[in-house]
file structure_31.cif (mmCIF, C-alpha atoms)
data_start
#
loop_
_atom_site.group_PDB
_atom_site.id
_atom_site.type_symbol
_atom_site.label_atom_id
_atom_site.label_comp_id
_atom_site.auth_asym_id
_atom_site.auth_seq_id
_atom_site.Cartn_x
_atom_site.Cartn_y
_atom_site.Cartn_z
ATOM 1 C CA MET A 14 -52.822 218.935 64.558
ATOM 2 C CA LYS A 15 -52.585 216.134 67.098
ATOM 3 C CA GLU A 16 -54.682 218.146 69.568
ATOM 4 C CA ILE A 17 -57.389 218.674 66.987
ATOM 5 C CA LEU A 18 -57.501 214.968 66.203
ATOM 6 C CA LEU A 19 -57.641 214.096 69.896
ATOM 7 C CA ILE A 20 -60.870 216.095 70.235
ATOM 8 C CA PHE A 21 -62.568 213.503 68.036
ATOM 9 C CA VAL A 22 -61.536 210.540 70.207
ATOM 10 C CA PRO A 23 -64.410 210.836 72.747
ATOM 11 C CA ALA A 24 -66.889 211.454 69.939
ATOM 12 C CA LEU A 25 -65.682 208.399 68.058
ATOM 13 C CA THR A 26 -65.982 206.357 71.258
ATOM 14 C CA LEU A 27 -69.646 207.257 71.578
ATOM 15 C CA VAL A 28 -71.035 207.616 68.064
ATOM 16 C CA PRO A 29 -70.665 204.070 66.592
ATOM 17 C CA PRO A 30 -72.242 202.397 69.660
ATOM 18 C CA ALA A 31 -75.063 204.943 69.572
ATOM 19 C CA VAL A 32 -75.742 204.168 65.907
ATOM 20 C CA ALA A 33 -75.667 200.428 66.575
ATOM 21 C CA ALA A 34 -78.006 200.854 69.554
ATOM 22 C CA ALA A 35 -80.380 202.931 67.460
ATOM 23 C CA PHE A 36 -80.676 200.056 64.976
ATOM 24 C CA ALA A 37 -81.157 197.553 67.796
ATOM 25 C CA MET A 38 -83.866 199.701 69.378
ATOM 26 C CA ARG A 39 -85.586 200.093 66.012
ATOM 27 C CA LYS A 40 -85.760 196.324 65.733
ATOM 28 C CA ILE A 41 -87.014 195.931 69.321
ATOM 29 C CA SER A 42 -89.708 198.589 69.110
ATOM 30 C CA SER A 43 -91.001 197.642 65.673
ATOM 31 C CA THR A 44 -91.229 193.972 66.616
ATOM 32 C CA ALA A 45 -92.927 194.782 69.914
ATOM 33 C CA LEU A 46 -95.434 197.115 68.228
ATOM 34 C CA GLU A 47 -96.161 194.458 65.646
ATOM 35 C CA GLY A 48 -96.841 191.965 68.406
ATOM 36 C CA MET A 49 -99.029 194.453 70.259
ATOM 37 C CA THR A 50 -101.203 195.140 67.226
ATOM 38 C CA ARG A 51 -101.508 191.443 66.457
ATOM 39 C CA GLN A 52 -102.383 190.509 70.042
ATOM 40 C CA PRO A 53 -103.710 193.532 71.954
ATOM 41 C CA GLN A 54 -104.632 191.333 74.944
ATOM 42 C CA ILE A 55 -100.954 190.817 75.857
ATOM 43 C CA ALA A 56 -99.931 194.388 74.988
ATOM 44 C CA GLN A 57 -99.133 195.229 78.609
ATOM 45 C CA GLN A 58 -96.776 192.262 79.003
ATOM 46 C CA LEU A 59 -95.096 193.029 75.696
ATOM 47 C CA PHE A 60 -94.639 196.655 76.744
ATOM 48 C CA THR A 61 -92.780 195.749 79.938
ATOM 49 C CA SER A 62 -90.642 193.231 78.061
ATOM 50 C CA MET A 63 -89.883 195.895 75.468
ATOM 51 C CA LEU A 64 -88.807 198.347 78.159
ATOM 52 C CA VAL A 65 -86.445 195.821 79.725
ATOM 53 C CA SER A 66 -84.934 194.877 76.368
ATOM 54 C CA MET A 67 -84.408 198.520 75.491
ATOM 55 C CA ALA A 68 -82.806 199.153 78.877
ATOM 56 C CA LEU A 69 -80.353 196.322 78.266
ATOM 57 C CA VAL A 70 -79.365 197.791 74.888
ATOM 58 C CA GLU A 71 -79.190 201.277 76.333
ATOM 59 C CA ALA A 72 -76.891 200.198 79.150
ATOM 60 C CA LEU A 73 -74.134 199.336 76.668
ATOM 61 C CA VAL A 74 -74.311 202.816 75.156
ATOM 62 C CA ILE A 75 -74.175 204.337 78.627
ATOM 63 C CA TYR A 76 -70.984 202.379 79.363
ATOM 64 C CA CYS A 77 -69.542 203.960 76.213
ATOM 65 C CA LEU A 78 -70.800 207.373 77.391
ATOM 66 C CA VAL A 79 -68.950 206.934 80.667
ATOM 67 C CA VAL A 80 -65.750 205.942 78.837
ATOM 68 C CA ALA A 81 -66.181 208.902 76.482
ATOM 69 C CA LEU A 82 -66.616 211.282 79.421
ATOM 70 C CA MET A 83 -63.480 209.876 81.047
ATOM 71 C CA LEU A 84 -61.546 210.295 77.794
ATOM 72 C CA ALA A 85 -62.914 213.828 77.365
ATOM 73 C CA GLY A 86 -61.577 214.651 80.807
ATOM 74 C CA LYS A 87 -58.120 213.384 79.879
ATOM 75 C CA VAL A 88 -57.812 214.880 76.390
ATOM 76 C CA MET B 30 -74.513 227.084 88.966
ATOM 77 C CA PRO B 31 -73.461 229.495 91.787
ATOM 78 C CA ALA B 32 -70.179 228.738 93.560
ATOM 79 C CA VAL B 33 -71.924 228.249 96.925
ATOM 80 C CA VAL B 34 -74.163 225.566 95.462
ATOM 81 C CA GLU B 35 -71.235 223.870 93.725
ATOM 82 C CA GLN B 36 -69.168 223.731 96.913
ATOM 83 C CA ASN B 37 -71.996 222.210 98.955
ATOM 84 C CA LEU B 38 -73.309 219.933 96.227
ATOM 85 C CA HIS B 39 -72.870 216.744 98.293
ATOM 86 C CA TYR B 40 -74.946 218.123 101.137
ATOM 87 C CA ILE B 41 -77.617 219.434 98.766
ATOM 88 C CA VAL B 42 -77.926 216.044 97.052
ATOM 89 C CA ILE B 43 -78.212 214.248 100.407
ATOM 90 C CA ALA B 44 -80.725 216.827 101.693
ATOM 91 C CA ASN B 45 -82.863 216.525 98.550
ATOM 92 C CA PHE B 46 -82.815 212.754 98.797
ATOM 93 C CA ALA B 47 -83.820 212.891 102.462
ATOM 94 C CA LEU B 48 -86.568 215.348 101.544
ATOM 95 C CA VAL B 49 -87.965 212.951 98.941
ATOM 96 C CA ALA B 50 -87.885 210.119 101.475
ATOM 97 C CA ALA B 51 -89.665 212.278 104.079
ATOM 98 C CA LEU B 52 -92.275 213.322 101.507
ATOM 99 C CA LEU B 53 -92.936 209.671 100.648
ATOM 100 C CA VAL B 54 -93.332 208.790 104.325
ATOM 101 C CA VAL B 55 -95.853 211.614 104.741
ATOM 102 C CA ILE B 56 -97.779 210.552 101.625
ATOM 103 C CA GLY B 57 -97.801 206.960 102.859
ATOM 104 C CA LYS B 58 -99.095 208.003 106.276
ATOM 105 C CA LEU B 59 -101.803 210.175 104.677
ATOM 106 C CA ALA B 60 -102.889 207.387 102.330
ATOM 107 C CA THR B 61 -103.370 204.966 105.235
ATOM 108 C CA ALA B 62 -104.594 207.508 107.819
ATOM 109 C CA ARG B 63 -108.202 206.395 107.696
ATOM 110 C CA PRO B 64 -109.066 202.762 108.432
ATOM 111 C CA LEU B 65 -109.153 200.717 105.241
ATOM 112 C CA THR B 66 -112.639 199.943 103.935
ATOM 113 C CA GLU B 67 -114.095 197.268 101.690
ATOM 114 C CA ILE B 68 -115.206 199.816 99.109
ATOM 115 C CA PRO B 69 -112.214 202.093 98.536
ATOM 116 C CA GLY B 70 -112.722 205.770 97.900
ATOM 117 C CA GLY B 71 -110.461 208.764 97.401
ATOM 118 C CA ARG B 72 -107.032 208.278 98.920
ATOM 119 C CA GLN B 73 -107.361 204.547 99.443
ATOM 120 C CA ASN B 74 -108.278 204.145 95.778
ATOM 121 C CA ALA B 75 -105.180 206.029 94.674
ATOM 122 C CA ALA B 76 -102.924 204.062 97.019
ATOM 123 C CA GLU B 77 -104.351 200.736 95.862
ATOM 124 C CA MET B 78 -103.948 201.740 92.230
ATOM 125 C CA ALA B 79 -100.287 202.635 92.851
ATOM 126 C CA LEU B 80 -99.583 199.355 94.621
ATOM 127 C CA GLU B 81 -101.449 197.003 92.283
ATOM 128 C CA TRP B 82 -98.637 196.733 89.730
ATOM 129 C CA PHE B 83 -96.065 195.832 92.393
ATOM 130 C CA VAL B 84 -98.359 193.216 93.879
ATOM 131 C CA ASP B 85 -98.768 191.707 90.398
ATOM 132 C CA GLN B 86 -94.993 191.589 89.923
ATOM 133 C CA ALA B 87 -94.504 190.049 93.375
ATOM 134 C CA LYS B 88 -97.177 187.437 92.650
ATOM 135 C CA ARG B 89 -95.320 186.397 89.516
ATOM 136 C CA ILE B 90 -92.039 186.039 91.409
ATOM 137 C CA HIS B 91 -93.270 184.095 94.417
ATOM 138 C CA PRO B 92 -96.971 184.068 95.328
ATOM 139 C CA ALA B 93 -96.363 183.109 98.970
ATOM 140 C CA SER B 94 -94.147 186.077 99.827
ATOM 141 C CA VAL B 95 -96.037 188.966 98.233
ATOM 142 C CA LEU B 96 -95.970 190.877 101.538
ATOM 143 C CA LEU B 97 -92.164 190.784 101.513
ATOM 144 C CA VAL B 98 -91.471 191.501 97.857
ATOM 145 C CA ALA B 99 -94.132 194.091 96.896
ATOM 146 C CA PRO B 100 -93.142 196.770 99.493
ATOM 147 C CA PHE B 101 -89.477 196.344 98.536
ATOM 148 C CA LEU B 102 -90.179 196.951 94.840
ATOM 149 C CA ALA B 103 -92.627 199.788 95.546
ATOM 150 C CA THR B 104 -90.149 201.601 97.799
ATOM 151 C CA ILE B 105 -87.400 201.499 95.182
ATOM 152 C CA PHE B 106 -89.785 202.620 92.442
ATOM 153 C CA LEU B 107 -91.331 205.557 94.314
ATOM 154 C CA LEU B 108 -87.986 206.767 95.666
ATOM 155 C CA ILE B 109 -86.419 206.868 92.196
ATOM 156 C CA LEU B 110 -89.525 208.345 90.538
ATOM 157 C CA PHE B 111 -89.860 211.218 93.006
ATOM 158 C CA SER B 112 -86.104 211.883 92.953
ATOM 159 C CA ASN B 113 -86.189 212.152 89.163
ATOM 160 C CA LEU B 114 -89.235 214.409 89.196
ATOM 161 C CA LEU B 115 -87.431 216.999 91.355
ATOM 162 C CA ALA B 116 -85.836 218.247 88.118
ATOM 163 C CA ILE B 117 -89.087 219.858 86.966
ATOM 164 C CA LEU B 118 -89.556 221.969 90.126
ATOM 165 C CA PRO B 119 -89.062 225.705 89.506
ATOM 166 C CA VAL B 120 -87.101 226.184 92.769
ATOM 167 C CA PRO B 121 -83.348 226.922 92.355
ATOM 168 C CA VAL B 122 -81.586 224.492 94.721
ATOM 169 C CA LEU B 123 -84.385 221.994 95.191
ATOM 170 C CA ARG B 124 -84.486 221.222 91.479
ATOM 171 C CA ILE B 125 -81.186 219.272 91.518
ATOM 172 C CA PRO B 126 -82.345 215.646 91.192
ATOM 173 C CA PRO B 127 -80.341 213.371 93.547
ATOM 174 C CA THR B 128 -80.257 210.597 90.934
ATOM 175 C CA SER B 129 -78.180 212.775 88.592
ATOM 176 C CA TYR B 130 -75.115 212.280 90.844
ATOM 177 C CA PHE B 131 -73.459 208.909 90.657
ATOM 178 C CA SER B 132 -73.351 208.303 94.422
ATOM 179 C CA VAL B 133 -77.147 208.097 94.769
ATOM 180 C CA PRO B 134 -77.808 205.578 91.937
ATOM 181 C CA LEU B 135 -74.848 203.543 93.203
ATOM 182 C CA ALA B 136 -76.303 203.479 96.719
ATOM 183 C CA LEU B 137 -79.738 202.544 95.344
ATOM 184 C CA ALA B 138 -78.257 199.730 93.253
ATOM 185 C CA VAL B 139 -76.282 198.369 96.224
ATOM 186 C CA VAL B 140 -79.466 198.462 98.323
ATOM 187 C CA ALA B 141 -81.435 196.716 95.559
ATOM 188 C CA VAL B 142 -78.914 193.907 95.048
ATOM 189 C CA PHE B 143 -78.299 193.472 98.774
ATOM 190 C CA GLY B 144 -82.069 193.554 99.345
ATOM 191 C CA VAL B 145 -82.508 190.701 96.865
ATOM 192 C CA VAL B 146 -79.983 188.653 98.873
ATOM 193 C CA VAL B 147 -81.735 189.485 102.163
ATOM 194 C CA LEU B 148 -85.194 188.636 100.769
ATOM 195 C CA LYS B 149 -83.905 185.319 99.475
ATOM 196 C CA ALA B 150 -82.341 184.594 102.863
ATOM 197 C CA LYS B 151 -85.667 185.367 104.548
ATOM 198 C CA VAL B 152 -87.648 183.078 102.265
ATOM 199 C CA ASP B 153 -85.203 180.224 101.664
ATOM 200 C CA GLY B 154 -82.765 180.483 104.554
ATOM 201 C CA ALA B 155 -79.196 181.701 104.714
ATOM 202 C CA TRP B 156 -77.677 178.395 103.599
ATOM 203 C CA SER B 157 -79.552 178.555 100.289
ATOM 204 C CA VAL B 158 -78.163 182.041 99.608
ATOM 205 C CA PHE B 159 -74.665 180.881 100.445
ATOM 206 C CA LYS B 160 -75.037 177.885 98.156
ATOM 207 C CA HIS B 161 -76.448 180.021 95.343
ATOM 208 C CA SER B 162 -73.426 182.325 95.540
ATOM 209 C CA PHE B 163 -70.942 179.502 94.982
ATOM 210 C CA TRP B 164 -72.887 176.780 93.215
ATOM 211 C CA PRO B 165 -73.008 175.855 90.332
ATOM 212 C CA ASN B 166 -70.653 178.664 89.469
ATOM 213 C CA PRO B 167 -68.421 180.472 91.960
ATOM 214 C CA LEU B 168 -68.517 183.516 89.703
ATOM 215 C CA GLN B 169 -72.078 184.328 90.827
ATOM 216 C CA LEU B 170 -70.623 186.946 93.153
ATOM 217 C CA VAL B 171 -69.026 188.689 90.179
ATOM 218 C CA GLY B 172 -72.427 188.581 88.487
ATOM 219 C CA ASP B 173 -74.036 190.284 91.480
ATOM 220 C CA ALA B 174 -71.351 192.974 91.456
ATOM 221 C CA SER B 175 -71.964 193.575 87.754
ATOM 222 C CA HIS B 176 -75.685 193.962 88.518
ATOM 223 C CA VAL B 177 -74.784 196.845 90.826
ATOM 224 C CA LEU B 178 -72.690 198.447 88.110
ATOM 225 C CA SER B 179 -75.270 198.068 85.350
ATOM 226 C CA LEU B 180 -78.235 199.252 87.462
ATOM 227 C CA SER B 181 -76.441 202.315 88.796
ATOM 228 C CA LEU B 182 -74.791 203.356 85.534
ATOM 229 C CA ARG B 183 -78.055 203.058 83.633
ATOM 230 C CA LEU B 184 -79.977 205.266 86.042
ATOM 231 C CA TYR B 185 -77.141 207.765 86.356
ATOM 232 C CA GLY B 186 -76.546 207.957 82.604
ATOM 233 C CA ASN B 187 -80.180 208.618 81.794
ATOM 234 C CA ILE B 188 -81.094 211.104 84.499
ATOM 235 C CA GLY B 189 -77.678 212.793 84.746
ATOM 236 C CA GLY B 190 -77.470 213.127 80.974
ATOM 237 C CA GLU B 191 -80.943 214.606 80.750
ATOM 238 C CA TYR B 192 -80.219 217.048 83.575
ATOM 239 C CA LEU B 193 -76.937 218.088 81.935
ATOM 240 C CA VAL B 194 -78.766 218.772 78.663
ATOM 241 C CA ALA B 195 -81.399 220.805 80.533
ATOM 242 C CA VAL B 196 -78.735 222.880 82.306
ATOM 243 C CA LEU B 197 -76.777 223.534 79.096
ATOM 244 C CA ALA B 198 -79.949 224.420 77.183
ATOM 245 C CA SER B 199 -81.102 226.839 79.862
ATOM 246 C CA GLN B 200 -77.689 228.526 79.765
ATOM 247 C CA ALA B 201 -77.854 228.894 75.978
ATOM 248 C CA ALA B 202 -81.531 229.875 75.722
ATOM 249 C CA PRO B 203 -83.095 230.775 79.083
ATOM 250 C CA TYR B 204 -86.692 231.099 77.849
ATOM 251 C CA GLY B 205 -88.938 228.605 76.077
ATOM 252 C CA ILE B 206 -86.451 225.904 75.068
ATOM 253 C CA PRO B 207 -85.870 224.473 78.600
ATOM 254 C CA ILE B 208 -89.611 223.777 78.877
ATOM 255 C CA VAL B 209 -89.399 221.504 75.838
ATOM 256 C CA ILE B 210 -86.287 219.769 77.244
ATOM 257 C CA HIS B 211 -88.010 219.229 80.588
ATOM 258 C CA ALA B 212 -91.150 217.899 78.877
ATOM 259 C CA LEU B 213 -88.989 215.386 76.981
ATOM 260 C CA GLY B 214 -87.113 214.626 80.204
ATOM 261 C CA LEU B 215 -90.340 213.394 81.775
ATOM 262 C CA ILE B 216 -90.099 210.271 79.601
ATOM 263 C CA PRO B 217 -86.785 208.906 81.013
ATOM 264 C CA ALA B 218 -87.766 210.212 84.457
ATOM 265 C CA SER B 219 -90.814 207.931 84.471
ATOM 266 C CA VAL B 220 -89.397 205.018 82.446
ATOM 267 C CA GLN B 221 -86.143 204.568 84.395
ATOM 268 C CA PRO B 222 -87.841 203.722 87.735
ATOM 269 C CA ILE B 223 -89.927 201.103 85.899
ATOM 270 C CA VAL B 224 -86.785 199.630 84.335
ATOM 271 C CA PHE B 225 -84.887 199.644 87.640
ATOM 272 C CA THR B 226 -87.778 197.940 89.444
ATOM 273 C CA LEU B 227 -88.358 195.394 86.671
ATOM 274 C CA LEU B 228 -84.688 194.436 86.585
ATOM 275 C CA THR B 229 -84.597 194.098 90.378
ATOM 276 C CA ALA B 230 -87.687 191.882 90.149
ATOM 277 C CA ASP B 231 -85.924 189.908 87.451
ATOM 278 C CA PHE B 232 -82.837 189.374 89.622
ATOM 279 C CA LEU B 233 -85.144 188.267 92.405
ATOM 280 C CA ALA B 234 -86.814 185.768 90.091
ATOM 281 C CA THR B 235 -83.563 184.412 88.655
ATOM 282 C CA ALA B 236 -82.248 184.028 92.202
ATOM 283 C CA SER B 237 -84.890 181.239 92.259
ATOM 284 C CA LEU B 238 -86.835 182.566 95.220
ATOM 285 C CA GLY B 239 -88.675 179.815 97.029
ATOM 286 C CA GLY B 240 -86.342 177.183 95.640
ATOM 287 C CA GLY B 241 -88.653 176.772 92.661
ATOM 288 C CA ALA B 242 -87.932 176.932 88.966
ATOM 289 C CA GLY B 243 -87.524 180.706 89.127
ATOM 290 C CA GLY B 244 -88.332 182.008 85.693
ATOM 291 C CA HIS B 245 -87.976 185.502 84.332
ATOM 292 C CA THR B 246 -90.716 187.799 85.493
ATOM 293 C CA ALA B 247 -90.069 190.590 83.095
ATOM 294 C CA VAL B 248 -90.463 188.371 80.071
ATOM 295 C CA PRO B 249 -93.639 186.400 80.755
ATOM 296 C CA GLU B 250 -94.377 183.568 78.399
ATOM 297 C CA ALA B 251 -97.105 184.542 75.985
ATOM 298 C CA THR B 252 -99.761 181.924 75.463
#

call {"tool": "encode", "arguments": {"input": "structure_31.cif", "output": "structure tokens"}}
result
Amino acid sequence: MKEILLIFVPALTLVPPAVAAAFAMRKISSTALEGMTRQPQIAQQLFTSMLVSMALVEALVIYCLVVALMLAGKV
Amino acid sequence: MPAVVEQNLHYIVIANFALVAALLVVIGKLATARPLTEIPGGRQNAAEMALEWFVDQAKRIHPASVLLVAPFLATIFLLILFSNLLAILPVPVLRIPPTSYFSVPLALAVVAVFGVVVLKAKVDGAWSVFKHSFWPNPLQLVGDASHVLSLSLRLYGNIGGEYLVAVLASQAAPYGIPIVIHALGLIPASVQPIVFTLLTADFLATASLGGGAGGHTAVPEAT
């Protein structure tokens, strides 16, 4: 039983951060798209800013991915 | 993956990376083979188009040292982009992208962060770099080390994860499905170099190059 439960540990390390990041990225992309449609002349600048913001959010999930992979190796 | 490939993976990754670098050198030589003309045509047009974005970024960071900053950013970008794009080649050993092994992104991130320090030393002098590392906060060095970690892990996580998915999918369903995975993989393969370059440019700007105010380049103020 304990072994079966341990299988879920890496998954539980990764899934909640991924869900949180998905919400954060939804907010980032929808706000950026809104800005782009309102002001198409600065769309290029907004796009690069959006990419950087998304990368910063994504990095946190990747840290969790690394931890999950390490845990998966140990379990 | 065959056992021979798995045993010599380190050498294959290094060889692929060297191959990408050699390819870029050849492309660069070809693009500048003819003398540059006022009215660009053909190759010169393509080369100028590729470099324009980097020159714009460099101008935003420090207009006086565009010739120092733009080649640095362009080299990092093209190296990462071409390394990522190896994954779509239909050749067995050559299609292992170097950036999907942690050593290569780590080396690239160390080069990027160290390059920022060297560029700042060239523009502002070594004393300024030394002062920036310890003043106002002696923990700046820790910040630089965390830049290395975040840059390398981000690149590795994206490209390595995508490559892993492609390998697993091609084992499960050898025909059809891997094409879709590779087509989707083109998105991170082309976005990650942009992100890596933009963040390096951002570090360069926040390192207050030129002793000026040093704002964020990646987040320009909208007027």

call {"tool": "interface_residues", "arguments": {"input": "structure_31.cif", "of": "chain A", "to": "chain B", "cutoff": "9 Å", "atoms": "all atoms listed in the file", "output": "NGL selection string"}}
result
:A and (55 or 58-59 or 61-65 or 68-69 or 71-73 or 75-76 or 78-79)

call {"tool": "atom_distance", "arguments": {"input": "structure_31.cif", "atom1": "CA of Phe83 in chain B", "atom2": "CA of Leu48 in chain B"}}
result
23.6 Å

call {"tool": "atom_distance", "arguments": {"input": "structure_31.cif", "atom1": "CA of Pro69 in chain B", "atom2": "CA of Ile105 in chain B"}}
result
25.0 Å

call {"tool": "resolve_selection", "arguments": {"input": "structure_31.cif", "expression": "the PyMOL selection byres ((chain B and resi 203-211) around 12)", "output": "list in words"}}
result
Asn113, Leu114, Leu115, Ala116, Ile117, Leu118, Pro119, Arg124, Ile188, Gly190, Glu191, Tyr192, Leu193, Val194, Ala195, Val196, Leu197, Ala198, Ser199, Gln200, Ala201, Ala202, Ala212, Leu213, Gly214, Leu215, Ile216, Pro217 and Ala218 of chain B

call {"tool": "atom_distance", "arguments": {"input": "structure_31.cif", "atom1": "CA of Pro126 in chain B", "atom2": "CA of Asn45 in chain B"}}
result
7.4 Å

call {"tool": "residues_around", "arguments": {"input": "structure_31.cif", "residues": "Val74 in chain A", "least_positions_apart": "6", "cutoff": "8 Å", "atoms": "only C-alpha atoms", "output": "PyMOL selection string"}}
result
chain A and resi 27+30-31+34

call {"tool": "residues_around", "arguments": {"input": "structure_31.cif", "residues": "Leu148 in chain B", "least_positions_apart": "4", "cutoff": "12 Å", "atoms": "all atoms listed in the file", "output": "PyMOL selection string"}}
result
chain B and resi 87+90-91+94-102+140-144+152-155+157-158+229-230+232-234+236-239

call {"tool": "resolve_selection", "arguments": {"input": "structure_31.cif", "expression": "the PyMOL selection byres ((chain B and resi 43) around 12)", "output": "list in words"}}
result
Asn37, Leu38, His39, Tyr40, Ile41, Val42, Ala44, Asn45, Phe46, Ala47, Leu48, Val49, Ala50, Ser112, Leu123, Ile125, Pro126, Pro127, Thr128, Ser129, Tyr130, Ser132, Val133 and Ala136 of chain B

call {"tool": "closest_residue", "arguments": {"input": "structure_31.cif", "among": "A:Met83, A:Met14, A:Val88, A:Cys77", "to": "Pro29 in chain A", "atoms": "all atoms listed in the file"}}
result
A:Cys77

call {"tool": "residues_near_point", "arguments": {"input": "structure_31.cif", "point": "(-58.9, 216.4, 73.2)", "cutoff": "9 Å", "atoms": "only C-alpha atoms", "output": "MDAnalysis selection string"}}
result
chainID A and resid 15:23 84:88

call {"tool": "residues_around", "arguments": {"input": "structure_31.cif", "residues": "range 41-46 of chain A", "least_positions_apart": "5", "cutoff": "10 Å", "atoms": "all atoms listed in the file", "output": "list in words"}}
result
Ala35, Phe36, Arg51, Gln52, Pro53, Ala56, Leu59, Phe60, Ser62, Met63, Leu64, Ser66, Met67 and Val70 of chain A

call {"tool": "axis_aligned_box", "arguments": {"input": "structure_31.cif", "around": "range 38-52 of chain A", "padding_each_side": "4 Å", "output": "JSON"}}
result
{"center_x": -93.1, "center_y": 195.3, "center_z": 68.0, "size_x": 26.5, "size_y": 17.6, "size_z": 12.6}
